[in-house]
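Trainee: Structure provided below as structure tokens; questions to follow.
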Amino acid sequence: MAEIAMLNDVSKCIGCRACQIACKSWNGLSAEKTSQRGTYQNPSRLSADTWCLVHYTEIVDEKGNLKWLFRREQCYHCRDATCAAVCPYSAITKTKCGAVVINNDKCRGCQTCVEACPFHMPQFDGKNVKSRKCTLCYDRLQRGLLPACVQSCPSQAILFGEREGMLNTARARVKELGGNATLYGDRSIHGHVLYVLPEKPELYEGINLDPQYPLSTALIKLFARLSLLMRS
């Protein structure tokens with residue numbers, strides 16, 4: 001399977017949350033009890049039962065008009081997947097196509113991946129003592145199907161294909177939008193989930209402008225790589 005990527009064109013997102021529902025439905029994720037917090041965003045954050053979340057952000061533009069900014073959040077499936085590198089039980093696999101998948105049978109709930117991820121994507125499931133997150137629908141990919149979120153999007157805000165093609169599409173779209181539009185997620189610390197943002201990145205809730213691995217994580221990765229070299 002070729003190296004793939006998912007492209008989220010935020011300029012086309014209508015905030016319908018079809019992707020959010022499709023993710024829960026396909027993966028058998030439970031509904032969560034929530035409360036009114038003065039926003040249409042629901043729930044408030046990612047969790048062990050919410051792997052895909054549409055953020056609702058309100059801004060006031062230059063003309064004084066209220067404007068909605070929608071952005072779908074999920075695991076970035078990093079090319080340099082630190083969660084996989086630091087897992088002491090080898091429960092997290094970086095697949096050849098780019099999907100980063102947690103094997104629930106191997107996971108012991110130590111939360112090393114939770115602490116290591118600069119994007120806070122792995123979520124701890126206290127009930128089952130496991131870490132959980134988006135799998136990029138790797139089980140669907142193996143069957144030749146699109147990820148559930150991609151298939152459900154009515155505005156074609158989510159595209160999926162070979163990574164190089166998605167990067168070219170994203171760059172062309174950024175050029176077409178102009179203004180403050182930018183491509184986010186193409187750095188090596190990210191990888192297989194890309195975003196076209198029509199506004200400045202700092203305006204979007206949950207965007208990490210300068211993702212860095214903790215020093216402890218860097219040391220664990222170094223020791224893991226040295227251990228592999230010693231075994232070979």
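Ordered as shown in the structure tokens, chains take letters A, B, and onward, while each chain numbers its residues from 1 and ligands are numbered from 1 in the order shown.
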If DSSP is run on the backbone, what residues of range 12-228 of chain A are helix (DSSP H, G or I)? A reply as a ChimeraX atom specification would be ideal.
Mentor: /A:12,18-27,82-86,112-116,138-141,148-152,163-177,201-203,215-228
Trainee: Let's have the selection written as a JSON list (two decimals), in the first residue's frame, with C-alpha atoms.
Mentor:
```json
[["chain", "number", "residue", "atom", "x", "y", "z"],
["A", 12, "LYS", "CA", -15.03, 23.77, 2.70],
["A", 18, "ALA", "CA", -21.03, 13.94, 9.79],
["A", 19, "CYS", "CA", -17.38, 12.86, 10.09],
["A", 20, "GLN", "CA", -17.63, 12.84, 13.87],
["A", 21, "ILE", "CA", -20.72, 10.62, 13.80],
["A", 22, "ALA", "CA", -19.27, 8.32, 11.12],
["A", 23, "CYS", "CA", -16.14, 7.81, 13.23],
["A", 24, "LYS", "CA", -18.16, 6.83, 16.27],
["A", 25, "SER", "CA", -20.41, 4.56, 14.24],
["A", 26, "TRP", "CA", -17.66, 2.66, 12.43],
["A", 27, "ASN", "CA", -15.44, 2.24, 15.49],
["A", 82, "THR", "CA", 6.97, 9.11, 18.74],
["A", 83, "CYS", "CA", 4.10, 7.19, 20.36],
["A", 84, "ALA", "CA", 5.24, 4.06, 18.51],
["A", 85, "ALA", "CA", 8.89, 4.69, 19.34],
["A", 86, "VAL", "CA", 8.36, 5.00, 23.09],
["A", 112, "THR", "CA", 3.74, 6.51, 27.91],
["A", 113, "CYS", "CA", 2.27, 7.41, 24.51],
["A", 114, "VAL", "CA", -0.14, 9.86, 26.14],
["A", 115, "GLU", "CA", 2.74, 11.73, 27.75],
["A", 116, "ALA", "CA", 4.98, 11.56, 24.67],
["A", 138, "TYR", "CA", -6.71, 1.21, 8.77],
["A", 139, "ASP", "CA", -9.12, -1.72, 8.88],
["A", 140, "ARG", "CA", -11.13, -0.06, 6.09],
["A", 141, "LEU", "CA", -7.99, 0.75, 4.09],
["A", 148, "ALA", "CA", -15.38, 6.57, 7.36],
["A", 149, "CYS", "CA", -14.97, 10.33, 7.88],
["A", 150, "VAL", "CA", -13.93, 10.86, 4.24],
["A", 151, "GLN", "CA", -16.86, 8.86, 2.89],
["A", 152, "SER", "CA", -19.37, 10.73, 5.07],
["A", 163, "ARG", "CA", 0.55, 11.65, 0.12],
["A", 164, "GLU", "CA", 2.44, 13.44, -2.65],
["A", 165, "GLY", "CA", -0.78, 14.03, -4.56],
["A", 166, "MET", "CA", -2.52, 15.37, -1.45],
["A", 167, "LEU", "CA", 0.39, 17.73, -0.80],
["A", 168, "ASN", "CA", 0.18, 19.07, -4.37],
["A", 169, "THR", "CA", -3.59, 19.52, -4.05],
["A", 170, "ALA", "CA", -3.16, 21.32, -0.73],
["A", 171, "ARG", "CA", -0.51, 23.71, -2.08],
["A", 172, "ALA", "CA", -2.64, 24.53, -5.11],
["A", 173, "ARG", "CA", -5.66, 25.19, -2.87],
["A", 174, "VAL", "CA", -3.63, 27.50, -0.59],
["A", 175, "LYS", "CA", -2.50, 29.45, -3.66],
["A", 176, "GLU", "CA", -6.10, 29.63, -4.91],
["A", 177, "LEU", "CA", -7.45, 30.91, -1.57],
["A", 201, "PRO", "CA", -3.28, 29.06, 12.18],
["A", 202, "GLU", "CA", -3.30, 30.72, 15.59],
["A", 203, "LEU", "CA", -7.02, 31.50, 15.19],
["A", 215, "LEU", "CA", 13.16, 15.86, 26.45],
["A", 216, "SER", "CA", 12.23, 12.64, 28.25],
["A", 217, "THR", "CA", 10.61, 11.38, 25.05],
["A", 218, "ALA", "CA", 13.67, 12.21, 22.98],
["A", 219, "LEU", "CA", 15.86, 10.23, 25.40],
["A", 220, "ILE", "CA", 13.50, 7.24, 25.32],
["A", 221, "LYS", "CA", 13.54, 7.29, 21.52],
["A", 222, "LEU", "CA", 17.34, 7.46, 21.53],
["A", 223, "PHE", "CA", 17.65, 4.47, 23.87],
["A", 224, "ALA", "CA", 15.10, 2.52, 21.81],
["A", 225, "ARG", "CA", 17.07, 3.11, 18.60],
["A", 226, "LEU", "CA", 20.36, 2.20, 20.26],
["A", 227, "SER", "CA", 18.77, -0.99, 21.54],
["A", 228, "LEU", "CA", 17.66, -1.90, 18.03]]
```
Trainee: Can you tell me, as a list of chain:residue names, which residues in range 131-201 of chain A count as strand (DSSP E or B) by DSSP?
Mentor: A:Ser131, A:Arg132, A:Ile158, A:Leu159, A:Phe160, A:Gly161, A:Glu162, A:Thr182, A:Leu183, A:Tyr184, A:Gly191, A:Val193, A:Leu194, A:Tyr195, A:Val196, A:Leu197
Trainee: Counting only C-alpha atoms, which of A:Val60, A:Val129, A:Cys117, A:Cys134 gets nearest to Ile102 in chain A?
Mentor: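 Ranked by minimum distance to Ile102 in chain A, first place goes to A:Cys134.
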Trainee: What's the separation between CA of Ala5 in chain A and CA of Asp125 in chain A, in Å to one decimal place?
Mentor: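 Spanning CA of Ala5 in chain A to CA of Asp125 in chain A is a straight-line distance of 26.9 Å.
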